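Note: the block below is data-v7.txt and it holds compact mmCIF, C-alpha atoms.
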```txt
# COMPACT_ATOMS: atom_id res chain seq x y z
CA MET A 1 -4.01 -52.68 12.70
CA SER A 2 -3.23 -55.60 10.40
CA PHE A 3 0.46 -56.35 9.78
CA ARG A 4 1.67 -57.96 6.57
CA VAL A 5 4.50 -60.46 6.93
CA LEU A 6 6.57 -62.03 4.13
CA VAL A 7 8.26 -65.38 4.81
CA ALA A 8 10.97 -65.61 2.14
CA ASP A 9 12.98 -68.60 3.41
CA ASN A 10 12.28 -72.09 4.69
CA LEU A 11 10.98 -71.56 8.22
CA ALA A 12 9.30 -74.38 10.12
CA GLU A 13 5.51 -74.23 9.93
CA SER A 14 5.20 -74.42 13.72
CA GLY A 15 6.78 -70.99 13.92
CA ILE A 16 4.75 -69.45 11.11
CA ASP A 17 1.60 -70.69 12.86
CA VAL A 18 2.42 -68.33 15.75
CA LEU A 19 1.51 -65.50 13.37
CA ARG A 20 -1.18 -67.27 11.37
CA ARG A 21 -3.26 -67.96 14.47
CA ASP A 22 -3.82 -64.25 14.98
CA LYS A 23 -5.77 -63.63 11.79
CA GLU A 24 -6.96 -60.22 12.87
CA ARG A 25 -3.48 -58.80 13.33
CA PHE A 26 -1.36 -60.68 10.76
CA ARG A 27 -1.59 -61.43 7.06
CA VAL A 28 1.19 -63.89 6.33
CA GLU A 29 2.54 -64.38 2.81
CA VAL A 30 4.63 -67.58 2.67
CA ARG A 31 6.96 -67.63 -0.34
CA LYS A 32 9.71 -69.99 0.72
CA GLY A 33 12.68 -70.17 -1.59
CA ILE A 34 11.84 -67.23 -3.84
CA GLY A 35 14.62 -65.45 -5.70
CA PRO A 36 15.80 -61.84 -5.34
CA GLU A 37 13.46 -60.46 -8.03
CA GLU A 38 10.45 -62.15 -6.47
CA VAL A 39 11.36 -60.81 -3.02
CA LEU A 40 11.38 -57.32 -4.51
CA ARG A 41 7.94 -57.99 -5.99
CA TYR A 42 6.34 -59.17 -2.75
CA ILE A 43 8.05 -56.90 -0.20
CA PRO A 44 6.50 -53.42 -0.92
CA PRO A 45 3.40 -53.69 1.32
CA CYS A 46 5.06 -55.67 4.10
CA HIS A 47 5.71 -54.62 7.68
CA ALA A 48 7.91 -57.64 8.50
CA LEU A 49 10.27 -59.93 6.61
CA LEU A 50 11.33 -63.35 7.88
CA VAL A 51 14.50 -64.93 6.47
CA ARG A 52 17.22 -67.42 7.16
CA SER A 53 20.69 -67.20 5.56
CA ARG A 54 19.65 -67.51 1.90
CA THR A 55 17.73 -64.30 1.21
CA ARG A 56 19.90 -61.21 0.97
CA VAL A 57 18.47 -58.04 2.45
CA THR A 58 19.95 -55.18 0.47
CA ALA A 59 19.52 -51.42 0.37
CA GLU A 60 17.51 -51.86 -2.83
CA LEU A 61 15.10 -54.21 -1.07
CA LEU A 62 14.65 -51.74 1.78
CA GLU A 63 13.89 -48.94 -0.67
CA ARG A 64 11.05 -51.05 -2.09
CA ALA A 65 9.51 -51.53 1.37
CA PRO A 66 8.47 -48.16 2.81
CA ASP A 67 6.35 -49.80 5.54
CA LEU A 68 8.93 -52.37 6.62
CA ARG A 69 9.49 -52.21 10.38
CA VAL A 70 11.30 -55.40 11.32
CA ILE A 71 13.38 -58.21 9.83
CA GLY A 72 13.51 -61.51 11.66
CA ARG A 73 16.50 -63.78 11.05
CA ALA A 74 15.68 -67.36 12.03
CA GLY A 75 19.14 -68.20 13.34
CA ILE A 76 22.28 -66.36 14.38
CA GLY A 77 24.33 -64.96 11.53
CA VAL A 78 23.21 -61.74 9.84
CA ASP A 79 25.92 -61.30 7.21
CA ASN A 80 23.17 -61.64 4.54
CA ILE A 81 21.52 -58.48 5.89
CA ASP A 82 22.76 -54.94 5.23
CA LEU A 83 22.63 -53.77 8.84
CA ALA A 84 23.81 -50.25 8.10
CA ALA A 85 21.03 -49.76 5.56
CA CYS A 86 18.47 -51.20 7.99
CA THR A 87 19.61 -48.86 10.75
CA HIS A 88 19.53 -45.88 8.39
CA ARG A 89 15.93 -46.64 7.45
CA GLY A 90 14.87 -47.43 11.01
CA VAL A 91 14.24 -51.12 10.36
CA GLN A 92 14.83 -53.30 13.40
CA VAL A 93 16.76 -56.53 12.82
CA LEU A 94 16.19 -59.38 15.26
CA ASN A 95 17.83 -62.80 15.34
CA ALA A 96 17.25 -66.04 17.23
CA PRO A 97 20.63 -67.09 18.60
CA ALA A 98 19.58 -69.64 21.19
CA GLY A 99 17.73 -72.19 19.09
CA SER A 100 20.67 -73.50 17.07
CA ARG A 101 23.50 -73.28 19.60
CA VAL A 102 23.58 -76.95 20.61
CA THR A 103 22.97 -78.14 17.07
CA THR A 104 25.86 -76.13 15.65
CA ALA A 105 28.18 -77.18 18.46
CA GLU A 106 27.30 -80.83 17.88
CA HIS A 107 28.05 -80.45 14.17
CA ALA A 108 31.47 -79.01 14.97
CA LEU A 109 32.17 -81.97 17.24
CA ALA A 110 31.04 -84.38 14.53
CA MET A 111 33.51 -82.69 12.21
CA ILE A 112 36.29 -83.07 14.78
CA PHE A 113 35.57 -86.80 15.08
CA SER A 114 35.39 -87.15 11.31
CA LEU A 115 38.76 -85.44 10.89
CA ALA A 116 40.40 -87.57 13.56
CA ARG A 117 39.18 -90.87 12.12
CA HIS A 118 38.68 -90.14 8.38
CA ILE A 119 35.08 -91.32 8.64
CA PRO A 120 33.63 -89.80 5.42
CA GLN A 121 36.66 -90.89 3.37
CA ALA A 122 36.59 -94.42 4.77
CA ASP A 123 32.86 -94.71 4.12
CA ALA A 124 33.32 -93.57 0.50
CA SER A 125 36.14 -96.09 0.09
CA MET A 126 33.99 -98.93 1.39
CA LYS A 127 31.11 -97.96 -0.90
CA ALA A 128 33.57 -98.08 -3.80
CA GLY A 129 34.33 -101.71 -2.91
CA ARG A 130 37.72 -101.16 -1.30
CA TRP A 131 39.14 -102.23 2.09
CA ASP A 132 41.67 -99.44 2.76
CA LYS A 133 42.28 -100.18 6.42
CA ARG A 134 45.90 -98.99 6.48
CA ARG A 135 45.12 -95.84 4.52
CA PHE A 136 42.76 -94.45 7.16
CA VAL A 137 44.75 -94.74 10.37
CA GLY A 138 43.53 -91.89 12.57
CA VAL A 139 44.46 -90.10 15.77
CA GLU A 140 42.95 -90.12 19.26
CA LEU A 141 41.23 -87.06 20.67
CA THR A 142 42.18 -87.86 24.27
CA ASP A 143 44.93 -85.52 25.52
CA LYS A 144 44.94 -83.52 22.28
CA THR A 145 44.72 -79.74 22.58
CA LEU A 146 41.61 -78.17 21.09
CA GLY A 147 41.88 -74.44 20.38
CA ILE A 148 38.53 -72.66 20.23
CA ILE A 149 38.43 -69.29 18.51
CA GLY A 150 35.45 -67.55 20.11
CA ILE A 151 34.24 -68.81 23.48
CA GLY A 152 30.70 -67.45 23.23
CA ALA A 153 27.46 -69.43 23.33
CA ILE A 154 28.44 -72.08 20.77
CA GLY A 155 32.16 -72.19 21.56
CA SER A 156 31.36 -72.77 25.23
CA ILE A 157 29.22 -75.80 24.38
CA VAL A 158 31.99 -77.21 22.19
CA ALA A 159 34.45 -76.68 25.04
CA GLU A 160 32.20 -78.43 27.55
CA ARG A 161 31.72 -81.47 25.29
CA ALA A 162 35.40 -81.59 24.35
CA ARG A 163 36.47 -81.60 27.99
CA GLY A 164 34.20 -84.62 28.42
CA LEU A 165 36.26 -86.30 25.71
CA ARG A 166 39.39 -85.64 27.80
CA MET A 167 40.72 -83.04 25.40
CA LYS A 168 42.77 -80.10 26.69
CA VAL A 169 40.81 -76.99 25.76
CA ILE A 170 42.23 -73.51 25.23
CA ALA A 171 40.39 -70.53 23.80
CA SER A 172 41.02 -67.09 22.36
CA ASP A 173 38.39 -64.38 22.50
CA PRO A 174 39.02 -60.67 23.13
CA HIS A 175 35.39 -60.24 24.20
CA ALA A 176 35.23 -63.14 26.64
CA SER A 177 34.12 -62.39 30.17
CA PRO A 178 36.02 -63.92 33.11
CA GLU A 179 32.77 -65.51 34.27
CA GLY A 180 32.13 -67.09 30.88
CA VAL A 181 35.66 -68.46 30.66
CA GLU A 182 35.36 -69.90 34.14
CA ARG A 183 32.05 -71.55 33.31
CA ALA A 184 33.50 -73.05 30.15
CA GLY A 185 36.48 -74.38 32.10
CA VAL A 186 39.04 -73.35 29.52
CA GLU A 187 42.39 -71.58 29.51
CA LEU A 188 42.18 -68.19 27.79
CA VAL A 189 45.22 -67.46 25.62
CA PRO A 190 46.25 -64.94 22.94
CA LEU A 191 45.34 -65.95 19.40
CA ASP A 192 48.94 -66.56 18.33
CA ALA A 193 49.45 -68.87 21.31
CA LEU A 194 46.32 -70.77 20.32
CA PHE A 195 47.69 -71.25 16.81
CA GLU A 196 51.01 -72.47 18.19
CA ARG A 197 49.62 -74.94 20.75
CA SER A 198 46.53 -76.50 19.16
CA ASP A 199 46.25 -79.94 17.59
CA PHE A 200 42.67 -79.16 16.52
CA ILE A 201 41.20 -75.69 15.96
CA SER A 202 37.47 -74.94 15.90
CA ILE A 203 36.14 -71.52 14.86
CA HIS A 204 33.11 -69.94 16.56
CA VAL A 205 33.15 -66.19 15.84
CA PRO A 206 30.91 -64.11 13.55
CA LEU A 207 32.17 -62.80 10.23
CA SER A 208 33.11 -59.13 10.45
CA ASP A 209 35.82 -56.80 9.20
CA ALA A 210 37.87 -57.84 12.24
CA THR A 211 37.51 -61.59 11.63
CA ARG A 212 37.65 -61.77 7.82
CA HIS A 213 40.70 -63.90 6.94
CA LEU A 214 41.51 -64.17 10.63
CA VAL A 215 43.06 -67.53 9.76
CA ASP A 216 45.48 -66.60 7.00
CA GLU A 217 48.92 -67.52 5.68
CA ARG A 218 50.62 -66.04 8.73
CA ALA A 219 48.36 -68.01 11.06
CA PHE A 220 49.16 -71.26 9.28
CA GLU A 221 52.88 -70.57 9.64
CA LEU A 222 52.41 -70.34 13.42
CA MET A 223 50.48 -73.60 13.70
CA LYS A 224 51.77 -77.03 14.60
CA ASP A 225 52.58 -79.37 11.76
CA ARG A 226 49.63 -81.69 10.97
CA VAL A 227 47.07 -79.43 12.64
CA ARG A 228 43.38 -80.06 11.89
CA ILE A 229 40.88 -77.20 11.43
CA VAL A 230 37.08 -77.00 11.71
CA ASN A 231 34.92 -74.09 10.59
CA CYS A 232 31.20 -74.23 11.34
CA ALA A 233 30.92 -70.46 11.87
CA ARG A 234 31.04 -68.38 8.67
CA GLY A 235 32.89 -68.56 5.40
CA GLY A 236 35.51 -65.88 4.93
CA ILE A 237 37.02 -66.26 8.39
CA ILE A 238 39.53 -68.69 6.87
CA ASP A 239 41.51 -67.53 3.85
CA GLU A 240 40.59 -70.45 1.61
CA ALA A 241 43.51 -69.96 -0.78
CA ALA A 242 45.93 -70.01 2.16
CA LEU A 243 44.24 -73.12 3.56
CA TYR A 244 44.61 -74.87 0.21
CA GLU A 245 48.34 -74.15 0.15
CA ALA A 246 48.74 -75.22 3.79
CA ILE A 247 47.14 -78.58 2.99
CA VAL A 248 49.28 -79.04 -0.12
CA SER A 249 52.42 -78.34 1.93
CA GLY A 250 51.40 -80.82 4.63
CA LYS A 251 51.21 -78.18 7.37
CA VAL A 252 47.48 -78.88 7.74
CA ALA A 253 46.54 -82.55 7.98
CA GLY A 254 42.88 -81.96 7.37
CA ALA A 255 40.08 -79.42 7.37
CA ALA A 256 36.34 -79.81 7.96
CA LEU A 257 34.31 -76.98 6.48
CA ASP A 258 30.60 -76.33 6.79
CA VAL A 259 30.76 -72.75 5.52
CA PHE A 260 32.45 -71.08 2.57
CA SER A 261 33.33 -67.62 1.26
CA THR A 262 30.85 -68.17 -1.57
CA GLU A 263 27.87 -70.43 -1.02
CA PRO A 264 27.50 -72.68 -2.88
CA PRO A 265 31.26 -72.71 -3.63
CA VAL A 266 32.27 -71.89 -7.18
CA ASP A 267 35.94 -72.92 -6.97
CA LEU A 268 35.86 -76.59 -5.99
CA ARG A 269 39.60 -77.22 -5.71
CA LEU A 270 39.62 -76.96 -1.92
CA ILE A 271 36.59 -79.11 -1.14
CA GLN A 272 37.68 -81.77 -3.63
CA MET A 273 40.95 -82.35 -1.77
CA PRO A 274 40.97 -85.77 -0.05
CA GLN A 275 42.05 -84.10 3.22
CA VAL A 276 38.94 -81.89 3.29
CA ILE A 277 35.54 -82.82 4.68
CA ALA A 278 32.81 -80.51 3.39
CA THR A 279 29.14 -80.13 4.29
CA PRO A 280 26.64 -77.65 2.79
CA HIS A 281 26.13 -75.26 5.74
CA LEU A 282 24.43 -77.84 7.96
CA GLY A 283 25.44 -76.38 11.32
CA ALA A 284 21.88 -75.48 12.31
CA ALA A 285 20.17 -78.07 10.14
CA THR A 286 18.39 -80.35 12.59
CA PHE A 287 14.64 -80.76 13.01
CA GLU A 288 14.86 -79.58 16.59
CA ALA A 289 16.83 -76.43 15.82
CA GLN A 290 14.65 -75.43 12.88
CA ILE A 291 11.52 -75.63 15.02
CA LYS A 292 13.15 -73.70 17.87
CA VAL A 293 14.47 -70.83 15.75
CA SER A 294 11.26 -70.55 13.74
CA ILE A 295 9.07 -70.32 16.83
CA ALA A 296 11.49 -67.94 18.56
CA ILE A 297 11.80 -65.46 15.69
CA CYS A 298 8.08 -65.46 14.90
CA GLU A 299 7.28 -64.76 18.56
CA GLN A 300 9.85 -61.96 18.61
CA VAL A 301 8.48 -60.35 15.44
CA ARG A 302 4.91 -60.66 16.76
CA ASP A 303 5.82 -59.02 20.07
CA TYR A 304 7.80 -56.27 18.35
CA LEU A 305 4.95 -55.31 16.03
CA VAL A 306 2.16 -55.61 18.59
CA GLU A 307 3.82 -54.50 21.83
CA GLY A 308 7.08 -52.84 20.81
CA THR A 309 9.03 -55.48 22.74
CA VAL A 310 12.61 -55.88 21.53
CA ARG A 311 14.47 -59.16 22.08
CA ASN A 312 17.78 -60.13 20.46
CA ALA A 313 18.21 -56.87 18.55
CA VAL A 314 21.14 -56.91 16.17
CA ASN A 315 21.01 -53.18 15.37
CA PRO A 316 19.76 -51.23 18.41
CA LEU A 317 17.24 -48.57 17.43
CA PRO A 318 15.02 -46.08 19.20
CA ALA A 319 11.59 -47.29 20.27
CA PRO A 320 9.42 -48.67 17.39
CA ARG A 321 7.64 -46.03 15.34
```
Show the structure stored in the file as structure tokens.
Amino acid sequence: MSFRVLVADNLAESGIDVLRRDKERFRVEVRKGIGPEEVLRYIPPCHALLVRSRTRVTAELLERAPDLRVIGRAGIGVDNIDLAACTHRGVQVLNAPAGSRVTTAEHALAMIFSLARHIPQADASMKAGRWDKRRFVGVELTDKTLGIIGIGAIGSIVAERARGLRMKVIASDPHASPEGVERAGVELVPLDALFERSDFISIHVPLSDATRHLVDERAFELMKDRVRIVNCARGGIIDEAALYEAIVSGKVAGAALDVFSTEPPVDLRLIQMPQVIATPHLGAATFEAQIKVSIAICEQVRDYLVEGTVRNAVNPLPAPR
């Protein structure tokens, strides 16, 4: 049988070649960067759809694809995919969580350094011809307490690197295993205690009903004065309106945001604040990570279609039909 695969987002060619090489089994349609209407046009005959975070997989899309068997997400987050609709229609969703773990953790650490030393702001000042040395006095990371919300695969890497910087690391995660916490070498604490004790906070949980606005007005009230916050996980976990007010009041000294409730952001008031460092969802955007996740998800989709092998299932289903 020949399987038709639509590549709707920007996957590395090295991964797509995993499917292209098997010309007898796979017909690959590469349409990187197409819009929602074009996805609906190309999807009807397809057995597999490969996406990153840009393309939204909706119930309407699934209705247009009666032969669709599997969706491969090149990366971790699947909040752009209607999982309930996929499960209802028997479409398996796979992701590739391992390839971008280190890259995302490193980006979070870069944000922590940037917050501590005002690096983007100082660079912009220099490029504008100014020498604002006194304006950009920073803080040391040594002996500061880093609170990590979510001590999973990425949070554990951040913890390991932060301990190497001589930071004191605490974490909050209701799903953490004792073995994982021990490996990460962190102190597990309730979320409120993390808010109260942390000098820096880094978020590493998925967006869900339970985590939406997890960091809200009440959370900011619990935090230390002049706390600094990093979010390289998903937009919506921080209540952006509450963060804006916390920065205005001086409670929050700075925030570094790679993700936003709406991407690209429509309301620019928060990211235009001088205390905010903003990047356009670059957590997994390295050459190495893009190659890894592309190869991983294309191999997973190939093996699912050909052999029925399931790896990194996001919505567990019965055996492939």
Within 7 Å of range 222-236 of chain A, counting all atoms listed in the file, which residues qualify if same-chain residues fewer than 3 places away don't, as a PyMOL selection string? chain A and resi 108+111-112+195-207+212-213+218-219+239+250-261+283
Using only C-alpha atoms - which residues lie no farther than 12 Å from the point (15.0, -54.0, 18.4) in the file's frame? Write them as a PyMOL selection string. chain A and resi 69-72+86-87+90-95+300-301+303-305+307-321
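Relative to CA of Leu282 in chain A, CA of Ser53 in chain A is found at 11.5 Å.
Between CA of Leu19 in chain A and CA of Glu299 in chain A the separation is 7.8 Å.
Using all atoms listed in the file, the nearest neighbour of Asp79 in chain A within the list A:Ala128, A:Ala96, A:Val57, A:Cys46 is A:Val57.
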Which neighbours of range 287-289 of chain A fall inside 8 Å, counting all atoms listed in the file, when residues of the same chain fewer than 3 positions from it are skipped, and could you give them as a tab-separated table (two decimals) with C-alpha atoms, in the coordinates of the input?
```tsv
chain	number	residue	atom	x	y	z
A	99	GLY	CA	17.73	-72.19	19.09
A	100	SER	CA	20.67	-73.50	17.07
A	103	THR	CA	22.97	-78.14	17.07
A	284	ALA	CA	21.88	-75.48	12.31
A	292	LYS	CA	13.15	-73.70	17.87
A	293	VAL	CA	14.47	-70.83	15.75
```
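Comparing the minimum interatomic distances between Gly75 in chain A and each of A:Val30, A:Ala105, A:Ala296, A:Val181, counting all atoms listed in the file, we find that A:Ala296 sits nearest.
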So that I can check the surroundings of Arg54 in chain A, please list as number ranges by chain every protein, DNA and RNA residue that reaches within 12 Å of it, counting all atoms listed in the file and ignoring chain neighbours fewer than 2 positions away. A: 7-11, 32-36, 39, 50-52, 56-57, 73-75, 77-81, 262-264, 281
Produce a table with one row for each residue of range 45-157 of chain A that has an atom at most 12 Å from any atom of range 188-194 of chain A, each row naming the nearest atom pair and its distance in Å at one decimal; use all atoms listed in the file; arrange rows by chain and rising residue number; format as JSON lines.
```
{"residue": "A:Thr145", "atom": "CA", "partner": "A:Leu194", "partner_atom": "CA", "distance": 9.4}
{"residue": "A:Leu146", "atom": "CA", "partner": "A:Leu194", "partner_atom": "CA", "distance": 8.8}
{"residue": "A:Gly147", "atom": "CA", "partner": "A:Leu194", "partner_atom": "CA", "distance": 5.8}
{"residue": "A:Ile148", "atom": "CA", "partner": "A:Leu194", "partner_atom": "CA", "distance": 8.0}
{"residue": "A:Ile149", "atom": "CA", "partner": "A:Leu191", "partner_atom": "CA", "distance": 7.7}
{"residue": "A:Gly150", "atom": "CA", "partner": "A:Leu191", "partner_atom": "CA", "distance": 10.0}
{"residue": "A:Ile151", "atom": "CA", "partner": "A:Leu188", "partner_atom": "CA", "distance": 9.1}
```
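Among the candidates A:Gly155, A:Gly164, A:Pro178, A:Pro120, the residue lying nearest to Leu141 in chain A is A:Gly164 (atoms considered: all atoms listed in the file).
Residue nearest Arg166 in chain A within the list A:Arg183, A:Phe136, A:Phe3, A:Asp143: A:Asp143 [criterion: smallest interatomic distance, only C-alpha atoms].
Omitting Val18 in chain A and its sequence neighbours fewer than 2 positions away, and counting all atoms listed in the file, the residues within 8 Å are Ser14, Gly15, Ile16, Arg20, Arg21, Asp22, Ile295, Cys298 and Glu299 of chain A.
Among the candidates A:Val276, A:Leu49, A:Ala171, A:Val5, the residue lying nearest to Glu29 in chain A is A:Val5 (atoms considered: all atoms listed in the file).
Atom pair CA of Val139 in chain A / CA of Pro265 in chain A: separated by 29.2 Å.
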